[in-house]
>>> print(open('input-v2.txt').read())   # compact mmCIF, C-alpha atoms
# COMPACT_ATOMS: atom_id res chain seq x y z
CA MET D 1 -1.78 8.05 24.86
CA ALA D 2 -0.33 10.73 22.56
CA GLU D 3 -1.32 10.45 18.93
CA ILE D 4 1.25 8.57 16.89
CA SER D 5 2.61 10.66 13.99
CA LEU D 6 2.97 8.47 10.94
CA PHE D 7 5.44 10.88 9.37
CA GLU D 8 7.61 10.90 12.51
CA ASN D 9 7.53 7.08 12.47
CA ALA D 10 8.57 7.10 8.80
CA LEU D 11 11.47 9.46 9.55
CA LYS D 12 12.64 7.23 12.42
CA GLN D 13 12.78 4.24 10.08
CA PHE D 14 14.58 6.28 7.42
CA SER D 15 17.10 7.68 9.92
CA LYS D 16 17.92 4.21 11.23
CA ALA D 17 18.78 3.03 7.71
CA ALA D 18 20.64 6.24 6.84
CA LYS D 19 22.85 5.76 9.90
CA VAL D 20 23.59 2.10 9.07
CA MET D 21 24.54 2.93 5.47
CA GLU D 22 26.44 6.09 6.54
CA LEU D 23 24.46 8.34 4.21
CA ASP D 24 25.78 11.87 3.72
CA PRO D 25 23.77 14.01 6.24
CA CYS D 26 23.17 16.72 3.63
CA LEU D 27 21.73 14.16 1.22
CA ALA D 28 19.65 12.65 4.04
CA ASP D 29 18.21 16.09 4.75
CA VAL D 30 17.18 16.47 1.11
CA LEU D 31 15.53 13.05 1.02
CA MET D 32 13.62 13.54 4.28
CA HIS D 33 11.65 16.53 3.05
CA PRO D 34 8.66 16.36 0.66
CA LYS D 35 9.23 18.30 -2.56
CA ARG D 36 5.67 19.67 -2.72
CA GLU D 37 2.71 19.79 -0.34
CA LEU D 38 -0.57 21.06 -1.79
CA THR D 39 -3.64 21.58 0.42
CA VAL D 40 -6.91 22.62 -1.20
CA ASN D 41 -10.20 23.72 0.31
CA PHE D 42 -12.90 23.28 -2.28
CA PRO D 43 -16.69 23.70 -2.45
CA VAL D 44 -19.07 20.94 -3.52
CA ARG D 45 -22.77 21.40 -4.22
CA MET D 46 -24.80 18.86 -2.27
CA ASP D 47 -28.02 17.21 -3.45
CA ASP D 48 -30.17 19.51 -1.29
CA GLY D 49 -28.71 22.59 -3.00
CA SER D 50 -26.39 23.56 -0.15
CA VAL D 51 -22.65 23.99 -0.60
CA LYS D 52 -20.12 22.26 1.65
CA VAL D 53 -16.38 22.92 1.74
CA PHE D 54 -14.00 19.95 1.90
CA LYS D 55 -10.25 19.82 2.55
CA GLY D 56 -7.88 17.72 0.44
CA HIS D 57 -4.14 17.19 0.07
CA ARG D 58 -1.64 16.05 -2.56
CA VAL D 59 1.98 15.55 -1.56
CA GLN D 60 4.88 14.80 -3.90
CA HIS D 61 7.77 13.56 -1.81
CA ASN D 62 10.48 12.92 -4.40
CA ILE D 63 10.68 12.87 -8.20
CA ALA D 64 14.40 12.24 -8.74
CA ARG D 65 13.77 8.88 -10.44
CA GLY D 66 10.57 9.73 -12.32
CA PRO D 67 7.01 11.08 -11.91
CA ALA D 68 5.33 10.97 -8.50
CA LYS D 69 3.06 7.96 -7.96
CA GLY D 70 0.57 7.21 -5.23
CA GLY D 71 -3.04 6.75 -4.28
CA ILE D 72 -5.79 9.10 -3.20
CA ARG D 73 -7.83 8.11 -0.15
CA TYR D 74 -11.19 9.35 1.12
CA HIS D 75 -11.45 9.13 4.90
CA PRO D 76 -12.66 11.47 7.67
CA ASN D 77 -9.31 11.11 9.46
CA VAL D 78 -7.11 12.11 6.51
CA THR D 79 -4.43 14.56 7.64
CA LEU D 80 -1.47 16.24 5.97
CA ASP D 81 0.83 14.31 8.32
CA GLU D 82 -0.62 11.00 7.13
CA VAL D 83 -0.42 11.97 3.46
CA LYS D 84 3.20 13.11 3.86
CA ALA D 85 4.12 9.79 5.48
CA LEU D 86 2.39 7.78 2.77
CA ALA D 87 4.08 9.82 0.01
CA PHE D 88 7.43 9.31 1.77
CA TRP D 89 6.86 5.54 1.85
CA MET D 90 5.83 5.54 -1.82
CA THR D 91 9.24 6.92 -2.79
CA TRP D 92 10.96 3.96 -1.15
CA LYS D 93 8.32 1.48 -2.33
CA CYS D 94 8.91 2.43 -5.97
CA ALA D 95 12.67 2.46 -5.51
CA VAL D 96 12.93 -0.88 -3.71
CA VAL D 97 11.24 -2.69 -6.60
CA GLY D 98 13.20 -0.64 -9.15
CA ILE D 99 10.38 1.09 -11.04
CA PRO D 100 11.03 4.65 -12.32
CA TYR D 101 8.68 6.59 -10.05
CA GLY D 102 8.93 8.87 -7.07
CA GLY D 103 6.49 8.99 -4.17
CA GLY D 104 3.18 10.83 -4.07
CA LYS D 105 -0.05 10.54 -2.10
CA GLY D 106 -3.34 12.33 -1.73
CA GLY D 107 -6.46 12.38 0.37
CA VAL D 108 -9.72 14.13 1.09
CA GLU D 109 -11.18 14.53 4.58
CA VAL D 110 -14.58 12.95 3.95
CA ASP D 111 -16.66 9.93 4.87
CA PRO D 112 -17.81 8.77 1.42
CA SER D 113 -20.55 6.60 2.95
CA GLU D 114 -22.35 9.82 3.90
CA LEU D 115 -22.45 11.04 0.28
CA SER D 116 -24.82 10.08 -2.52
CA THR D 117 -23.27 8.79 -5.73
CA ALA D 118 -23.89 12.17 -7.38
CA GLU D 119 -22.24 14.03 -4.48
CA LEU D 120 -19.28 11.63 -4.55
CA GLU D 121 -18.83 12.27 -8.27
CA ARG D 122 -18.99 16.06 -7.87
CA LEU D 123 -16.51 15.93 -4.98
CA SER D 124 -14.13 13.71 -6.95
CA ARG D 125 -14.22 15.84 -10.08
CA ARG D 126 -13.78 19.12 -8.18
CA PHE D 127 -10.89 17.77 -6.10
CA PHE D 128 -9.09 16.45 -9.17
CA SER D 129 -9.54 19.78 -10.93
CA GLU D 130 -8.09 21.55 -7.87
CA ILE D 131 -4.92 19.42 -7.82
CA GLN D 132 -4.51 19.47 -11.61
CA VAL D 133 -1.96 22.27 -11.19
CA ILE D 134 0.66 19.71 -10.09
CA ILE D 135 -0.44 16.42 -11.71
CA GLY D 136 -0.05 14.99 -15.20
CA GLU D 137 0.81 11.69 -16.89
CA ASP D 138 4.47 12.76 -16.94
CA LYS D 139 4.40 14.53 -13.54
CA ASP D 140 2.21 12.76 -10.99
CA ILE D 141 -0.06 9.75 -11.54
CA PRO D 142 -2.68 9.08 -8.80
CA ALA D 143 -4.36 5.73 -8.10
CA PRO D 144 -7.03 4.22 -5.80
CA ASP D 145 -6.46 3.95 -2.06
CA VAL D 146 -8.70 3.64 1.01
CA ASN D 147 -12.36 4.22 0.04
CA THR D 148 -11.58 5.04 -3.59
CA ASN D 149 -12.00 2.67 -6.50
CA ALA D 150 -12.04 2.16 -10.27
CA GLN D 151 -15.18 4.26 -10.70
CA ILE D 152 -13.59 7.23 -8.95
CA MET D 153 -10.48 6.79 -11.11
CA SER D 154 -12.79 6.91 -14.16
CA TRP D 155 -14.17 10.26 -12.99
CA PHE D 156 -10.63 11.51 -12.36
CA MET D 157 -9.49 10.44 -15.83
CA ASP D 158 -12.52 11.98 -17.52
CA THR D 159 -12.19 15.24 -15.57
CA TYR D 160 -8.55 15.67 -16.51
CA SER D 161 -9.21 14.65 -20.13
CA MET D 162 -12.11 17.12 -20.46
CA ASN D 163 -9.96 19.90 -19.01
CA VAL D 164 -7.13 19.31 -21.50
CA GLY D 165 -9.38 18.47 -24.46
CA HIS D 166 -8.34 14.89 -25.26
CA SER D 167 -8.32 11.44 -23.64
CA VAL D 168 -5.34 10.90 -21.32
CA LEU D 169 -5.19 7.23 -20.31
CA GLY D 170 -1.99 7.64 -18.29
CA ILE D 171 -3.23 10.28 -15.84
CA VAL D 172 -4.42 7.71 -13.26
CA THR D 173 -4.05 3.98 -12.74
CA GLY D 174 -6.49 1.52 -11.24
CA LYS D 175 -9.03 2.31 -13.96
CA PRO D 176 -11.56 -0.17 -15.40
CA MET D 177 -10.14 -2.15 -18.31
CA ASP D 178 -12.72 -0.59 -20.64
CA ILE D 179 -10.96 2.79 -20.35
CA GLY D 180 -7.30 1.84 -20.16
CA GLY D 181 -7.02 -0.25 -17.01
CA SER D 182 -4.65 -3.19 -16.80
CA ALA D 183 -5.47 -6.86 -16.53
CA GLY D 184 -4.45 -8.08 -13.09
CA ARG D 185 -4.63 -4.69 -11.35
CA PRO D 186 -7.38 -5.54 -8.79
CA GLU D 187 -5.39 -8.52 -7.49
CA ALA D 188 -1.96 -6.89 -7.80
CA THR D 189 -1.25 -5.82 -4.21
CA GLY D 190 -2.55 -9.10 -2.82
CA ARG D 191 -0.56 -11.04 -5.42
CA GLY D 192 2.58 -9.15 -4.44
CA VAL D 193 1.96 -10.11 -0.79
CA ARG D 194 1.54 -13.72 -1.94
CA VAL D 195 4.90 -13.64 -3.77
CA VAL D 196 6.90 -12.23 -0.86
CA THR D 197 5.10 -14.59 1.55
CA GLU D 198 6.31 -17.51 -0.56
CA GLU D 199 9.82 -16.04 -0.63
CA ALA D 200 9.77 -15.59 3.17
CA ILE D 201 8.54 -19.16 3.67
CA ASN D 202 11.38 -20.47 1.51
CA TYR D 203 13.96 -18.21 3.15
CA LYS D 204 12.97 -19.37 6.65
CA GLY D 205 12.91 -23.00 5.59
CA LEU D 206 9.21 -23.62 6.21
CA ASP D 207 6.90 -25.90 4.24
CA ALA D 208 4.13 -23.84 2.64
CA GLU D 209 1.57 -26.62 2.87
CA ASP D 210 2.18 -26.97 6.61
CA ALA D 211 2.18 -23.23 7.30
CA THR D 212 -0.62 -21.58 9.29
CA ILE D 213 -1.54 -18.00 8.43
CA ALA D 214 -3.68 -15.27 10.00
CA VAL D 215 -4.77 -12.26 7.94
CA GLN D 216 -5.93 -9.08 9.65
CA GLY D 217 -8.04 -7.07 7.23
CA PHE D 218 -10.20 -8.68 4.55
CA GLY D 219 -10.51 -5.88 2.04
CA ASN D 220 -8.90 -5.91 -1.39
CA VAL D 221 -5.37 -6.70 -0.20
CA GLY D 222 -6.24 -9.17 2.55
CA SER D 223 -8.82 -11.13 0.58
CA TYR D 224 -6.68 -11.50 -2.55
CA ALA D 225 -3.60 -12.36 -0.48
CA ALA D 226 -5.51 -14.99 1.51
CA LYS D 227 -7.04 -16.55 -1.59
CA LEU D 228 -3.81 -16.64 -3.62
CA ILE D 229 -1.71 -17.96 -0.73
CA HIS D 230 -4.34 -20.65 -0.09
CA ASP D 231 -4.93 -21.57 -3.74
CA GLU D 232 -1.41 -21.32 -5.16
CA LEU D 233 0.83 -22.15 -2.18
CA GLY D 234 -1.49 -24.59 -0.39
CA ALA D 235 -1.03 -22.85 2.95
CA LYS D 236 -3.72 -22.99 5.64
CA ILE D 237 -5.51 -19.70 6.39
CA VAL D 238 -6.74 -20.24 9.96
CA ALA D 239 -7.96 -16.73 10.84
CA LEU D 240 -9.34 -13.64 9.13
CA SER D 241 -10.74 -10.37 10.40
CA ASP D 242 -12.31 -7.13 9.24
CA VAL D 243 -14.00 -4.15 10.89
CA SER D 244 -16.79 -6.45 12.16
CA GLY D 245 -14.41 -8.77 14.01
CA GLY D 246 -12.60 -12.01 13.27
CA ILE D 247 -13.17 -15.68 12.49
CA TYR D 248 -10.98 -18.64 13.38
CA ASN D 249 -10.79 -22.27 12.31
CA PRO D 250 -7.64 -24.22 13.26
CA ASP D 251 -8.34 -26.69 10.43
CA GLY D 252 -8.27 -23.87 7.86
CA LEU D 253 -10.90 -21.62 6.33
CA ASP D 254 -12.48 -22.09 2.90
CA ILE D 255 -11.49 -18.71 1.45
CA ASP D 256 -13.89 -18.83 -1.53
CA GLU D 257 -16.71 -19.62 0.87
CA VAL D 258 -15.75 -16.74 3.18
CA ILE D 259 -15.58 -14.31 0.23
CA ALA D 260 -19.01 -15.45 -0.99
CA TYR D 261 -20.41 -15.04 2.54
CA ARG D 262 -18.89 -11.56 2.87
CA ASP D 263 -20.30 -10.44 -0.48
CA GLN D 264 -23.79 -11.57 0.58
CA ASN D 265 -23.48 -10.15 4.11
CA ASN D 266 -23.11 -6.38 3.60
CA GLY D 267 -19.38 -6.73 2.97
CA VAL D 268 -18.43 -8.13 6.39
CA ILE D 269 -17.44 -11.59 7.62
CA LYS D 270 -19.19 -11.36 10.99
CA GLY D 271 -21.47 -14.34 11.50
CA TYR D 272 -19.63 -16.67 9.12
CA PRO D 273 -20.88 -20.08 10.31
CA ASN D 274 -17.96 -22.47 9.84
CA ALA D 275 -15.64 -20.84 12.38
CA THR D 276 -15.44 -19.48 15.90
CA THR D 277 -15.31 -15.75 16.52
CA LEU D 278 -12.37 -13.75 17.81
CA THR D 279 -11.41 -10.09 18.04
CA ASN D 280 -8.81 -8.31 15.92
CA LYS D 281 -6.65 -8.10 19.05
CA GLU D 282 -6.89 -11.87 19.57
CA LEU D 283 -6.04 -12.53 15.91
CA LEU D 284 -2.82 -10.53 16.19
CA ALA D 285 -1.78 -12.71 19.14
CA LEU D 286 -2.49 -16.10 17.54
CA ASP D 287 0.25 -18.73 17.56
CA VAL D 288 0.63 -18.99 13.76
CA ASP D 289 3.57 -19.27 11.40
CA ILE D 290 2.70 -16.12 9.44
CA LEU D 291 0.74 -13.00 10.36
CA ILE D 292 -0.37 -10.64 7.59
CA PRO D 293 -1.62 -7.29 8.96
CA ALA D 294 -3.52 -5.89 5.97
CA ALA D 295 -5.83 -3.34 7.61
CA LEU D 296 -4.86 0.18 8.72
CA GLU D 297 -1.79 1.74 10.36
CA ASN D 298 -0.47 1.11 13.87
CA ALA D 299 -2.09 -2.31 14.40
CA ILE D 300 0.89 -3.56 16.40
CA THR D 301 2.17 -1.13 19.04
CA MET D 302 4.02 -1.37 22.34
CA GLU D 303 0.71 -2.33 23.92
CA ASN D 304 0.44 -5.65 22.06
CA ALA D 305 3.87 -6.37 20.56
CA ASN D 306 4.79 -8.79 23.35
CA ASP D 307 1.64 -10.81 22.62
CA THR D 308 2.66 -11.47 18.99
CA LYS D 309 3.65 -15.11 18.43
CA ALA D 310 3.98 -15.39 14.63
CA LYS D 311 7.35 -16.47 13.21
CA ILE D 312 6.96 -14.22 10.14
CA ILE D 313 5.04 -10.98 9.69
CA VAL D 314 4.30 -9.79 6.15
CA GLU D 315 2.98 -6.22 6.20
CA GLY D 316 0.10 -5.97 3.75
CA ALA D 317 -1.00 -2.57 5.08
CA ASN D 318 1.05 0.63 5.22
CA GLY D 319 2.67 1.20 8.61
CA PRO D 320 0.93 -1.53 10.64
CA ILE D 321 3.84 -1.78 13.13
CA THR D 322 5.24 1.16 15.09
CA PRO D 323 9.06 1.47 15.21
CA GLU D 324 9.13 0.81 18.96
CA ALA D 325 6.95 -2.28 18.58
CA GLU D 326 9.15 -3.57 15.77
CA GLU D 327 12.19 -3.48 18.04
CA VAL D 328 10.30 -5.80 20.41
CA LEU D 329 9.35 -8.13 17.54
CA LEU D 330 12.94 -8.27 16.26
CA GLN D 331 14.23 -9.08 19.75
CA LYS D 332 11.77 -11.99 19.77
CA GLY D 333 13.30 -13.26 16.52
CA ILE D 334 10.27 -12.49 14.35
CA PHE D 335 11.10 -12.03 10.66
CA VAL D 336 9.30 -8.90 9.39
CA VAL D 337 8.82 -8.26 5.67
CA PRO D 338 8.25 -4.47 5.55
CA ASP D 339 5.21 -2.83 4.02
CA PHE D 340 6.89 -0.95 1.19
CA LEU D 341 8.36 -4.21 -0.10
CA ALA D 342 5.47 -6.55 0.73
CA ASN D 343 2.66 -4.44 -0.72
CA ALA D 344 4.56 -3.03 -3.71
CA GLY D 345 2.67 -5.29 -6.12
CA GLY D 346 -0.04 -2.66 -6.51
CA VAL D 347 2.27 0.13 -7.62
CA THR D 348 4.22 -2.30 -9.81
CA VAL D 349 1.13 -3.25 -11.81
CA SER D 350 0.08 0.42 -11.76
CA TYR D 351 3.40 1.07 -13.49
CA PHE D 352 2.51 -1.60 -16.05
CA GLU D 353 -0.89 0.08 -16.55
CA TRP D 354 0.74 3.49 -17.03
CA VAL D 355 3.18 2.08 -19.59
CA GLN D 356 0.30 0.39 -21.45
CA GLY D 357 -1.69 3.64 -21.44
CA LEU D 358 1.22 5.68 -22.77
CA GLN D 359 1.71 3.17 -25.58
CA TRP D 360 -2.00 2.44 -26.16
CA TYR D 361 -1.00 -1.23 -26.20
CA PHE D 362 -2.28 -3.67 -23.59
CA TRP D 363 -0.93 -6.93 -22.14
CA ASP D 364 -2.74 -10.14 -21.27
CA ILE D 365 -3.02 -11.18 -17.63
CA GLU D 366 -0.38 -13.90 -17.79
CA ASP D 367 2.21 -11.39 -19.00
CA VAL D 368 1.25 -9.05 -16.15
CA ARG D 369 1.54 -11.80 -13.54
CA LYS D 370 4.85 -13.09 -14.91
CA ALA D 371 6.37 -9.60 -14.90
CA LEU D 372 5.05 -8.89 -11.38
CA HIS D 373 6.41 -12.15 -9.93
CA LYS D 374 9.82 -11.47 -11.47
CA ILE D 375 10.07 -7.94 -10.06
CA MET D 376 8.84 -8.92 -6.56
CA ARG D 377 11.21 -11.90 -6.32
CA GLN D 378 14.19 -9.81 -7.46
CA ALA D 379 13.30 -7.10 -4.94
CA PHE D 380 12.99 -9.61 -2.07
CA GLY D 381 16.35 -11.11 -3.02
CA SER D 382 18.04 -7.69 -3.14
CA VAL D 383 16.72 -6.83 0.32
CA VAL D 384 17.78 -10.18 1.83
CA ASN D 385 21.28 -9.77 0.39
CA THR D 386 21.50 -6.25 1.78
CA MET D 387 20.22 -7.47 5.18
CA HIS D 388 23.12 -9.93 5.35
CA LYS D 389 25.64 -7.41 4.04
CA TYR D 390 24.83 -4.89 6.78
CA ASN D 391 23.82 -7.45 9.44
CA THR D 392 20.52 -5.66 9.98
CA ASP D 393 16.78 -6.29 9.74
CA MET D 394 14.60 -6.48 6.61
CA ARG D 395 13.04 -3.03 6.94
CA THR D 396 16.36 -1.30 7.37
CA ALA D 397 17.77 -3.32 4.47
CA ALA D 398 14.81 -2.38 2.25
CA TYR D 399 15.35 1.27 3.12
CA ILE D 400 19.06 0.96 2.32
CA VAL D 401 18.30 -0.54 -1.12
CA ALA D 402 15.71 2.16 -1.85
CA ILE D 403 17.64 5.11 -0.37
CA ASP D 404 20.76 4.14 -2.28
CA ARG D 405 18.83 4.19 -5.57
CA VAL D 406 17.18 7.56 -4.89
CA ALA D 407 20.38 9.07 -3.47
CA THR D 408 22.34 7.94 -6.52
CA ALA D 409 19.77 9.55 -8.86
CA THR D 410 19.85 12.74 -6.78
CA LYS D 411 23.65 12.95 -6.88
CA LEU D 412 23.78 12.22 -10.61
CA ARG D 413 21.19 14.91 -11.36
CA GLY D 414 22.81 17.46 -9.04
CA ILE D 415 21.19 20.54 -7.53
CA TYR D 416 19.82 23.08 -10.03
CA PRO D 417 20.83 25.83 -10.55
>>> encode(input="input-v2.txt", output="structure tokens")
Amino acid sequence: MAEISLFENALKQFSKAAKVMELDPCLADVLMHPKRELTVNFPVRMDDGSVKVFKGHRVQHNIARGPAKGGIRYHPNVTLDEVKALAFWMTWKCAVVGIPYGGGKGGVEVDPSELSTAELERLSRRFFSEIQVIIGEDKDIPAPDVNTNAQIMSWFMDTYSMNVGHSVLGIVTGKPMDIGGSAGRPEATGRGVRVVTEEAINYKGLDAEDATIAVQGFGNVGSYAAKLIHDELGAKIVALSDVSGGIYNPDGLDIDEVIAYRDQNNGVIKGYPNATTLTNKELLALDVDILIPAALENAITMENANDTKAKIIVEGANGPITPEAEEVLLQKGIFVVPDFLANAGGVTVSYFEWVQGLQWYFWDIEDVRKALHKIMRQAFGSVVNTMHKYNTDMRTAAYIVAIDRVATATKLRGIYP
């Protein structure tokens, strides 16, 4: 099977919405192209004294509504195509929830598990120095993504601050609270998924306490989403999976117990005793009310779309459903909450962290949660209203909301000179 281009998938989704909303083709052309694409090849000294060259990317898709915003991932399969697609989605993610950012994304082609801590630090600092030519707290604000974390953000922040000669709290988000991080940031993406899941349950007329839910992916997003949906909504999480496989209990899983088991079992849920085992493929085909794909891209394709039985899909991951597969799901009457709405909680609280850093004034966690819930609920409502207005699906409606906001900013600003 030919490799699926994430960026081509993103453009297909965009083009579908642009056609429905009758967007000016010239404006569509502007919005489809990334503003900047930076690729760097940089040397890192390894612990044995040798020098290895790594490749990294930073893409800024659009900055019409504010600075670029988006994570940096470390993964051996990072490509420019992937980074462009993720930056493209970030533009619409920020716009759909109404925060004043444009889309950015970055990545380094590396397997961080093969590096020592010292090598990881040297790689991180060198990469951040290399992309410093286009980043800044008023230009482009990176954040954690796949295989990066608060410690790496600390190195990024320190590197940038040392290079400019003073502490710059707003240069990255997702930092530890001790150096300008925000309360509620670790749970933010999962909490956003929890909010839109509740909104979807209410919209479809389900009872949260009777709902059955399967979560594919039990990393940061999946584990927080599962716990918050279970604890705060009372829904039954019947299946979970990670890279080691899946677990299933039709009576519901004890999420705290699963998290404790994972943390004591090398970070995987394989072997959890109070459940039967199943594969990731089997989890995606379970007859549940809600499916939350929160792992990597292209989890649901034409190969398995017909097997999907969930009534609602809430995309915790970026791009877990291919456009062709989504057409199948929509024909089956499945209600899909798109990724750039469903997982926008992370960038929303990153925005809160950035604002706090710029002001050197920090909020308590209840203020963060209250503000996040308000923004996510308003965004969901805007998308549902637009869906009905245009008689379309949720993803197309979310694109229409976001594209309209970015297109309006672009028209108001004009083309310089």
>>> atom_distance(input="input-v2.txt", atom1="atom CA of D:Ile72", atom2="atom CA of D:Asn318")
13.8 Å
>>> closest_residue(input="input-v2.txt", among="D:Gln132, D:Gly180, D:Ser124, D:Lys105", to="D:Trp155", atoms="only C-alpha atoms")
D:Ser124
>>> residues_around(input="input-v2.txt", residues="stretch 196-208 of chain D", least_positions_apart="6", cutoff="7 Å", atoms="all atoms listed in the file", output="PyMOL selection string")
chain D and resi 233-235+314+342+376-377+380
>>> atom_distance(input="input-v2.txt", atom1="atom CA of D:His230", atom2="atom CA of D:Leu253")
9.2 Å
>>> residues_near_point(input="input-v2.txt", point="(-18.1, 14.6, -7.6)", cutoff="10 Å", atoms="all atoms listed in the file", output="PDB file with C-alpha atoms, in the frame of the given file")
ATOM      1  CA  VAL D  44     -19.070  20.940  -3.520  1.00  0.00           C
ATOM      2  CA  ARG D  45     -22.770  21.400  -4.220  1.00  0.00           C
ATOM      3  CA  MET D  46     -24.800  18.860  -2.270  1.00  0.00           C
ATOM      4  CA  LEU D 115     -22.450  11.040   0.280  1.00  0.00           C
ATOM      5  CA  SER D 116     -24.820  10.080  -2.520  1.00  0.00           C
ATOM      6  CA  THR D 117     -23.270   8.790  -5.730  1.00  0.00           C
ATOM      7  CA  ALA D 118     -23.890  12.170  -7.380  1.00  0.00           C
ATOM      8  CA  GLU D 119     -22.240  14.030  -4.480  1.00  0.00           C
ATOM      9  CA  LEU D 120     -19.280  11.630  -4.550  1.00  0.00           C
ATOM     10  CA  GLU D 121     -18.830  12.270  -8.270  1.00  0.00           C
ATOM     11  CA  ARG D 122     -18.990  16.060  -7.870  1.00  0.00           C
ATOM     12  CA  LEU D 123     -16.510  15.930  -4.980  1.00  0.00           C
ATOM     13  CA  SER D 124     -14.130  13.710  -6.950  1.00  0.00           C
ATOM     14  CA  ARG D 125     -14.220  15.840 -10.080  1.00  0.00           C
ATOM     15  CA  ARG D 126     -13.780  19.120  -8.180  1.00  0.00           C
ATOM     16  CA  PHE D 127     -10.890  17.770  -6.100  1.00  0.00           C
ATOM     17  CA  PHE D 128      -9.090  16.450  -9.170  1.00  0.00           C
ATOM     18  CA  ILE D 152     -13.590   7.230  -8.950  1.00  0.00           C
ATOM     19  CA  TRP D 155     -14.170  10.260 -12.990  1.00  0.00           C
ATOM     20  CA  PHE D 156     -10.630  11.510 -12.360  1.00  0.00           C
ATOM     21  CA  THR D 159     -12.190  15.240 -15.570  1.00  0.00           C
TER      22      THR D 159
END
>>> residues_around(input="input-v2.txt", residues="stretch 20-32 of chain D", least_positions_apart="6", cutoff="12 Å", atoms="only C-alpha atoms", output="PDB file with C-alpha atoms, in the frame of the given file")
ATOM      1  CA  PHE D   7       5.440  10.880   9.370  1.00  0.00           C
ATOM      2  CA  GLU D   8       7.610  10.900  12.510  1.00  0.00           C
ATOM      3  CA  ALA D  10       8.570   7.100   8.800  1.00  0.00           C
ATOM      4  CA  LEU D  11      11.470   9.460   9.550  1.00  0.00           C
ATOM      5  CA  LYS D  12      12.640   7.230  12.420  1.00  0.00           C
ATOM      6  CA  GLN D  13      12.780   4.240  10.080  1.00  0.00           C
ATOM      7  CA  PHE D  14      14.580   6.280   7.420  1.00  0.00           C
ATOM      8  CA  GLN D  60       4.880  14.800  -3.900  1.00  0.00           C
ATOM      9  CA  HIS D  61       7.770  13.560  -1.810  1.00  0.00           C
ATOM     10  CA  ASN D  62      10.480  12.920  -4.400  1.00  0.00           C
ATOM     11  CA  ILE D  63      10.680  12.870  -8.200  1.00  0.00           C
ATOM     12  CA  ALA D  64      14.400  12.240  -8.740  1.00  0.00           C
ATOM     13  CA  LYS D  84       3.200  13.110   3.860  1.00  0.00           C
ATOM     14  CA  ALA D  85       4.120   9.790   5.480  1.00  0.00           C
ATOM     15  CA  ALA D  87       4.080   9.820   0.010  1.00  0.00           C
ATOM     16  CA  PHE D  88       7.430   9.310   1.770  1.00  0.00           C
ATOM     17  CA  TRP D  89       6.860   5.540   1.850  1.00  0.00           C
ATOM     18  CA  THR D  91       9.240   6.920  -2.790  1.00  0.00           C
ATOM     19  CA  TRP D  92      10.960   3.960  -1.150  1.00  0.00           C
ATOM     20  CA  GLY D 102       8.930   8.870  -7.070  1.00  0.00           C
ATOM     21  CA  GLY D 103       6.490   8.990  -4.170  1.00  0.00           C
ATOM     22  CA  THR D 386      21.500  -6.250   1.780  1.00  0.00           C
ATOM     23  CA  MET D 387      20.220  -7.470   5.180  1.00  0.00           C
ATOM     24  CA  LYS D 389      25.640  -7.410   4.040  1.00  0.00           C
ATOM     25  CA  TYR D 390      24.830  -4.890   6.780  1.00  0.00           C
ATOM     26  CA  ASN D 391      23.820  -7.450   9.440  1.00  0.00           C
ATOM     27  CA  THR D 392      20.520  -5.660   9.980  1.00  0.00           C
ATOM     28  CA  ASP D 393      16.780  -6.290   9.740  1.00  0.00           C
ATOM     29  CA  ARG D 395      13.040  -3.030   6.940  1.00  0.00           C
ATOM     30  CA  THR D 396      16.360  -1.300   7.370  1.00  0.00           C
ATOM     31  CA  ALA D 397      17.770  -3.320   4.470  1.00  0.00           C
ATOM     32  CA  ALA D 398      14.810  -2.380   2.250  1.00  0.00           C
ATOM     33  CA  TYR D 399      15.350   1.270   3.120  1.00  0.00           C
ATOM     34  CA  ILE D 400      19.060   0.960   2.320  1.00  0.00           C
ATOM     35  CA  VAL D 401      18.300  -0.540  -1.120  1.00  0.00           C
ATOM     36  CA  ALA D 402      15.710   2.160  -1.850  1.00  0.00           C
ATOM     37  CA  ILE D 403      17.640   5.110  -0.370  1.00  0.00           C
ATOM     38  CA  ASP D 404      20.760   4.140  -2.280  1.00  0.00           C
ATOM     39  CA  ARG D 405      18.830   4.190  -5.570  1.00  0.00           C
ATOM     40  CA  VAL D 406      17.180   7.560  -4.890  1.00  0.00           C
ATOM     41  CA  ALA D 407      20.380   9.070  -3.470  1.00  0.00           C
ATOM     42  CA  THR D 408      22.340   7.940  -6.520  1.00  0.00           C
ATOM     43  CA  ALA D 409      19.770   9.550  -8.860  1.00  0.00           C
ATOM     44  CA  THR D 410      19.850  12.740  -6.780  1.00  0.00           C
ATOM     45  CA  LYS D 411      23.650  12.950  -6.880  1.00  0.00           C
ATOM     46  CA  GLY D 414      22.810  17.460  -9.040  1.00  0.00           C
ATOM     47  CA  ILE D 415      21.190  20.540  -7.530  1.00  0.00           C
TER      48      ILE D 415
END
>>> closest_residue(input="input-v2.txt", among="D:Pro186, D:Pro320, D:Gly71, D:Gly245", to="D:Val336", atoms="only C-alpha atoms")
D:Pro320
>>> atom_distance(input="input-v2.txt", atom1="atom CA of D:Thr276", atom2="atom CA of D:Leu329")
27.3 Å
>>> closest_residue(input="input-v2.txt", among="D:Asn249, D:Ser241, D:Thr279, D:Thr308", to="D:Phe335", atoms="all atoms listed in the file")
D:Thr308
>>> residues_around(input="input-v2.txt", residues="stretch 217-229 of chain D", least_positions_apart="5", cutoff="10 Å", atoms="all atoms listed in the file", output="ChimeraX atom specification")
/D:146,186-195,197-198,208-209,234-237,239-243,245-246,253-256,258-259,262,267-269,280,292-296,316-317,343,346
>>> closest_residue(input="input-v2.txt", among="D:Leu86, D:Ile334, D:Ala68, D:Ala325", to="D:Lys139", atoms="all atoms listed in the file")
D:Ala68
